[in-house]
file model30.csv (CSV, C-alpha atoms)
chain,number,residue,atom,x,y,z
A,1,MET,CA,-49.0,-18.9,-78.1
A,2,SER,CA,-45.3,-19.3,-77.5
A,3,LYS,CA,-43.0,-16.4,-76.9
A,4,LYS,CA,-39.3,-16.3,-77.5
A,5,LYS,CA,-37.5,-15.6,-74.3
A,6,GLY,CA,-34.5,-13.3,-74.4
A,7,ASN,CA,-31.6,-13.0,-72.0
A,8,LYS,CA,-32.7,-10.8,-69.1
A,9,SER,CA,-30.3,-8.1,-67.9
A,10,ILE,CA,-30.3,-5.2,-65.5
A,11,ILE,CA,-28.7,-1.8,-66.3
A,12,ASP,CA,-29.1,1.4,-64.3
A,13,GLY,CA,-31.6,-0.5,-62.1
A,14,ILE,CA,-33.9,-1.2,-65.1
A,15,GLU,CA,-34.6,-4.9,-66.1
A,16,PHE,CA,-34.5,-5.6,-69.8
A,17,ALA,CA,-36.2,-8.7,-71.3
A,18,SER,CA,-33.8,-9.3,-74.2
A,19,ASP,CA,-30.3,-8.6,-75.6
A,20,ILE,CA,-31.7,-6.3,-78.3
A,21,GLU,CA,-33.7,-4.3,-75.7
A,22,THR,CA,-30.5,-3.9,-73.6
A,23,ALA,CA,-28.4,-3.0,-76.6
A,24,PHE,CA,-30.9,-0.4,-77.8
A,25,TYR,CA,-31.1,1.1,-74.3
A,26,LEU,CA,-27.3,1.6,-74.4
A,27,HIS,CA,-27.6,3.1,-77.9
A,28,LEU,CA,-30.2,5.5,-76.6
A,29,LYS,CA,-28.0,6.5,-73.6
A,30,LYS,CA,-25.3,7.4,-76.1
A,31,LYS,CA,-27.7,9.5,-78.1
A,32,LYS,CA,-28.8,11.2,-74.9
A,33,GLU,CA,-25.1,12.1,-74.2
A,34,GLU,CA,-24.8,13.5,-77.8
A,35,GLY,CA,-27.9,15.7,-77.2
A,36,LEU,CA,-30.2,14.1,-79.7
A,37,VAL,CA,-32.4,12.5,-77.0
A,38,LYS,CA,-33.7,14.6,-74.0
A,39,ASP,CA,-35.2,11.7,-71.9
A,40,ILE,CA,-35.6,8.0,-72.0
A,41,ARG,CA,-38.6,6.3,-70.3
A,42,THR,CA,-38.8,2.6,-70.2
A,43,HIS,CA,-41.8,0.2,-69.8
A,44,VAL,CA,-44.6,2.7,-70.0
A,45,THR,CA,-48.0,0.8,-69.8
A,46,TYR,CA,-51.0,1.8,-71.9
A,47,ILE,CA,-54.5,0.4,-71.5
A,48,LEU,CA,-55.7,-0.8,-74.9
A,49,ILE,CA,-59.1,-2.2,-73.7
A,50,PRO,CA,-60.3,-1.3,-70.2
A,51,SER,CA,-61.5,-4.0,-67.9
A,52,TYR,CA,-65.2,-4.7,-68.0
A,53,THR,CA,-67.9,-7.0,-66.7
A,54,ASP,CA,-69.3,-9.5,-69.2
A,55,PHE,CA,-72.9,-10.6,-69.7
A,56,GLU,CA,-72.5,-13.3,-67.0
A,57,GLY,CA,-71.2,-10.8,-64.4
A,58,ASN,CA,-67.5,-11.9,-64.7
A,59,GLU,CA,-64.8,-9.3,-64.5
A,60,VAL,CA,-62.7,-9.4,-67.6
A,61,GLN,CA,-59.1,-8.1,-67.2
A,62,ALA,CA,-57.9,-5.1,-69.2
A,63,MET,CA,-55.7,-5.6,-72.2
A,64,THR,CA,-52.5,-3.5,-71.8
A,65,TYR,CA,-49.5,-2.8,-73.9
A,66,THR,CA,-46.1,-2.0,-72.3
A,67,SER,CA,-43.7,-0.1,-74.5
A,68,ASP,CA,-39.9,-0.9,-74.4
A,69,PHE,CA,-39.0,2.8,-74.7
A,70,ASN,CA,-40.7,6.2,-74.8
A,71,VAL,CA,-38.1,8.6,-76.1
A,72,ILE,CA,-38.4,12.3,-75.7
A,73,MET,CA,-36.3,13.9,-78.5
A,74,SER,CA,-34.4,17.2,-78.0
A,75,ASP,CA,-37.2,19.1,-79.8
A,76,GLY,CA,-39.7,17.8,-77.2
A,77,SER,CA,-41.4,15.3,-79.5
A,78,GLU,CA,-42.1,11.8,-78.1
A,79,ILE,CA,-41.8,8.5,-79.9
A,80,VAL,CA,-42.6,5.0,-78.8
A,81,ILE,CA,-40.2,2.3,-79.7
A,82,ASP,CA,-40.5,-1.4,-79.3
A,83,THR,CA,-37.5,-3.7,-80.0
A,84,LYS,CA,-38.7,-6.8,-81.9
A,85,GLU,CA,-36.7,-9.6,-83.5
A,86,TYR,CA,-39.6,-12.1,-83.9
A,87,PRO,CA,-43.0,-10.4,-83.5
A,88,GLY,CA,-45.9,-12.7,-82.9
A,89,GLU,CA,-49.6,-12.4,-83.8
A,90,GLU,CA,-50.3,-10.8,-80.4
A,91,ASP,CA,-47.7,-8.2,-81.1
A,92,TYR,CA,-49.3,-7.2,-84.4
A,93,ILE,CA,-52.8,-6.9,-82.7
A,94,LYS,CA,-51.5,-4.8,-79.9
A,95,ARG,CA,-49.6,-2.6,-82.3
A,96,LYS,CA,-52.8,-1.9,-84.3
A,97,LEU,CA,-54.8,-1.2,-81.2
A,98,PHE,CA,-52.1,1.1,-79.8
A,99,MET,CA,-51.9,3.0,-83.1
A,100,SER,CA,-55.7,3.3,-83.4
A,101,LEU,CA,-55.9,4.8,-79.9
A,102,ASN,CA,-52.8,7.0,-80.3
A,103,PRO,CA,-52.8,8.0,-84.0
A,104,ASP,CA,-50.6,11.1,-83.3
A,105,THR,CA,-47.9,9.2,-81.5
A,106,PRO,CA,-45.1,7.9,-83.7
A,107,PHE,CA,-44.7,4.2,-83.0
A,108,TYR,CA,-41.8,2.1,-84.3
A,109,TRP,CA,-40.6,-1.5,-84.1
A,110,VAL,CA,-36.8,-1.6,-84.2
A,111,GLU,CA,-34.9,-4.7,-85.1
A,112,ARG,CA,-31.2,-5.5,-85.1
A,113,THR,CA,-29.3,-6.4,-88.2
A,114,PRO,CA,-26.2,-8.6,-88.1
A,115,LYS,CA,-23.2,-6.6,-86.9
A,116,TYR,CA,-21.1,-7.3,-90.1
A,117,LEU,CA,-23.4,-4.9,-92.1
A,118,GLY,CA,-21.9,-1.8,-90.5
A,119,PHE,CA,-25.2,-0.5,-89.0
A,120,TYR,CA,-27.0,-1.9,-86.1
A,121,PHE,CA,-30.7,-0.8,-85.6
A,122,VAL,CA,-33.2,-0.6,-88.4
A,123,ARG,CA,-36.9,0.1,-88.5
A,124,ASP,CA,-39.3,-2.8,-88.6
A,125,GLY,CA,-39.7,-5.0,-91.6
A,126,PHE,CA,-36.2,-4.7,-93.0
A,127,ILE,CA,-34.9,-8.2,-92.2
A,128,SER,CA,-38.0,-9.8,-93.8
A,129,LYS,CA,-37.6,-7.5,-96.9
A,130,LEU,CA,-33.9,-8.4,-97.1
A,131,ARG,CA,-34.9,-12.1,-96.9
A,132,ARG,CA,-37.5,-11.7,-99.7
A,133,ARG,CA,-34.9,-9.9,-101.9
A,134,TYR,CA,-32.4,-12.7,-101.3
A,135,GLU,CA,-35.1,-15.3,-102.4
A,136,LYS,CA,-35.7,-13.3,-105.6
A,137,LEU,CA,-32.0,-13.1,-106.4
A,138,HIS,CA,-31.0,-16.6,-105.5
A,139,GLY,CA,-34.2,-18.6,-106.1
A,140,SER,CA,-34.4,-20.0,-102.6
A,141,SER,CA,-34.3,-18.8,-99.0
A,142,PRO,CA,-31.6,-19.4,-96.6
A,143,SER,CA,-32.4,-21.9,-93.8
A,144,THR,CA,-32.5,-19.2,-91.2
A,145,LYS,CA,-32.6,-15.4,-91.1
A,146,ARG,CA,-29.1,-15.3,-89.8
A,147,ASN,CA,-27.7,-17.0,-93.0
A,148,ILE,CA,-28.4,-14.0,-95.2
A,149,LYS,CA,-24.9,-12.9,-96.0
A,150,TRP,CA,-25.1,-9.5,-97.7
A,151,THR,CA,-22.2,-7.0,-97.8
A,152,SER,CA,-22.9,-3.4,-97.0
A,153,ARG,CA,-22.3,-2.6,-100.7
A,154,GLN,CA,-24.9,-5.2,-101.9
A,155,ILE,CA,-27.5,-3.7,-99.5
A,156,GLU,CA,-26.8,-0.2,-100.7
A,157,GLU,CA,-27.4,-1.5,-104.3
A,158,HIS,CA,-30.9,-2.8,-103.3
A,159,PHE,CA,-32.1,-0.4,-100.6
A,160,GLU,CA,-32.1,3.3,-99.8
A,161,PHE,CA,-31.9,4.4,-96.2
A,162,GLU,CA,-32.8,7.5,-94.1
A,163,ASP,CA,-31.1,8.0,-90.8
A,164,ASN,CA,-33.1,9.8,-88.1
A,165,GLY,CA,-30.3,9.6,-85.6
A,166,LEU,CA,-31.8,6.7,-83.6
A,167,PHE,CA,-32.2,4.1,-86.2
A,168,LEU,CA,-32.2,3.6,-90.0
A,169,THR,CA,-35.4,3.6,-92.0
A,170,TRP,CA,-35.3,1.9,-95.3
A,171,LYS,CA,-37.1,4.4,-97.5
A,172,LYS,CA,-37.6,2.3,-100.6
A,173,THR,CA,-36.5,-0.7,-102.4
A,174,LYS,CA,-34.5,-0.1,-105.5
A,175,ARG,CA,-35.9,-2.0,-108.5
A,176,MET,CA,-33.9,-5.0,-109.7
A,177,LYS,CA,-32.7,-4.6,-113.3
A,178,LYS,CA,-34.6,-6.7,-115.8
A,179,GLY,CA,-32.5,-9.6,-116.9
A,180,VAL,CA,-31.0,-10.3,-113.5
A,181,LYS,CA,-30.9,-14.0,-113.3
A,182,LYS,CA,-31.6,-16.0,-110.2
A,183,LYS,CA,-28.7,-18.2,-109.3

call {"tool": "encode", "arguments": {"input": "model30.csv", "output": "structure tokens"}}
result
Amino acid sequence: MSKKKGNKSIIDGIEFASDIETAFYLHLKKKKEEGLVKDIRTHVTYILIPSYTDFEGNEVQAMTYTSDFNVIMSDGSEIVIDTKEYPGEEDYIKRKLFMSLNPDTPFYWVERTPKYLGFYFVRDGFISKLRRRYEKLHGSSPSTKRNIKWTSRQIEEHFEFEDNGLFLTWKKTKRMKKGVKKK
């Protein structure tokens, strides 16, 4: 399984694996200064499947998940956030395992939208939803995710958002009017 490698960087003595992780950390620091966030913990490791000995007596290594951020909000609630641009199959499996073992812990994937849209971080699935809507409207998909050129106004016509202060969540997709032709 191949993994996309991001640009590593170090801020405040913390190593970040990608540009989006670094940018989101800076975003969280700003939210902490504003009082929305009480504390930011990075790279907290959870055991998803403990190590065990198999039927042949071999020690099998534990499966772990390391979050990008554990954010303590000003009201004391904790949320787990992972920054993902291109989640792989392993990411989906680990997310399901984490959520099944921690059903009361809010867990979000946050992705970055192109800067020209006017907002920066949005909850998981928005970019793929934006791509599918583009395909419906235009009859084909752009060659890459980065070629989707929506204006902020066009996005507001198709999607509704809710802002929790840390990132946007697209609440629902507005229905396309009947008779809208694909170009």

call {"tool": "residues_around", "arguments": {"input": "model30.csv", "residues": "range 16-18 of chain A", "least_positions_apart": "2", "cutoff": "10 Å", "atoms": "only C-alpha atoms", "output": "PDB file with C-alpha atoms, in the frame of the given file"}}
result
ATOM      1  CA  LYS A   4     -39.300 -16.300 -77.500  1.00  0.00           C
ATOM      2  CA  LYS A   5     -37.500 -15.600 -74.300  1.00  0.00           C
ATOM      3  CA  GLY A   6     -34.500 -13.300 -74.400  1.00  0.00           C
ATOM      4  CA  ASN A   7     -31.600 -13.000 -72.000  1.00  0.00           C
ATOM      5  CA  LYS A   8     -32.700 -10.800 -69.100  1.00  0.00           C
ATOM      6  CA  SER A   9     -30.300  -8.100 -67.900  1.00  0.00           C
ATOM      7  CA  ILE A  10     -30.300  -5.200 -65.500  1.00  0.00           C
ATOM      8  CA  ILE A  11     -28.700  -1.800 -66.300  1.00  0.00           C
ATOM      9  CA  GLY A  13     -31.600  -0.500 -62.100  1.00  0.00           C
ATOM     10  CA  ILE A  14     -33.900  -1.200 -65.100  1.00  0.00           C
ATOM     11  CA  ILE A  20     -31.700  -6.300 -78.300  1.00  0.00           C
ATOM     12  CA  GLU A  21     -33.700  -4.300 -75.700  1.00  0.00           C
ATOM     13  CA  THR A  22     -30.500  -3.900 -73.600  1.00  0.00           C
ATOM     14  CA  ALA A  23     -28.400  -3.000 -76.600  1.00  0.00           C
ATOM     15  CA  TYR A  25     -31.100   1.100 -74.300  1.00  0.00           C
ATOM     16  CA  THR A  42     -38.800   2.600 -70.200  1.00  0.00           C
ATOM     17  CA  HIS A  43     -41.800   0.200 -69.800  1.00  0.00           C
ATOM     18  CA  ASP A  68     -39.900  -0.900 -74.400  1.00  0.00           C
ATOM     19  CA  THR A  83     -37.500  -3.700 -80.000  1.00  0.00           C
ATOM     20  CA  LYS A  84     -38.700  -6.800 -81.900  1.00  0.00           C
ATOM     21  CA  GLU A  85     -36.700  -9.600 -83.500  1.00  0.00           C
TER      22      GLU A  85
END

call {"tool": "closest_residue", "arguments": {"input": "model30.csv", "among": "A:Val110, A:Tyr52, A:Ile47, A:Ser67", "to": "Leu168 in chain A", "atoms": "all atoms listed in the file"}}
result
A:Val110

call {"tool": "atom_distance", "arguments": {"input": "model30.csv", "atom1": "CA of Pro106 in chain A", "atom2": "CA of Val80 in chain A"}}
result
6.2 Å

call {"tool": "atom_distance", "arguments": {"input": "model30.csv", "atom1": "CA of Thr66 in chain A", "atom2": "CA of Leu28 in chain A"}}
result
18.1 Å

call {"tool": "atom_distance", "arguments": {"input": "model30.csv", "atom1": "CA of Ile93 in chain A", "atom2": "CA of Arg133 in chain A"}}
result
26.4 Å

call {"tool": "closest_residue", "arguments": {"input": "model30.csv", "among": "A:Glu111, A:Ser74, A:Leu97, A:Thr105", "to": "Glu34 in chain A", "atoms": "all atoms listed in the file"}}
result
A:Ser74

call {"tool": "closest_residue", "arguments": {"input": "model30.csv", "among": "A:Thr45, A:Thr53, A:Gly35, A:Ile79", "to": "Tyr65 in chain A", "atoms": "only C-alpha atoms"}}
result
A:Thr45

call {"tool": "closest_residue", "arguments": {"input": "model30.csv", "among": "A:Ser51, A:Thr113, A:Asn70, A:Ser100", "to": "Ile155 in chain A", "atoms": "only C-alpha atoms"}}
result
A:Thr113

call {"tool": "residues_around", "arguments": {"input": "model30.csv", "residues": "Phe107 in chain A", "least_positions_apart": "6", "cutoff": "9 Å", "atoms": "only C-alpha atoms", "output": "list of chain:residue names"}}
result
A:Ile79, A:Val80, A:Ile81, A:Asp82, A:Arg95, A:Phe98, A:Met99

call {"tool": "closest_residue", "arguments": {"input": "model30.csv", "among": "A:Ile49, A:Val37, A:Phe159, A:Ser77", "to": "Lys129 in chain A", "atoms": "all atoms listed in the file"}}
result
A:Phe159
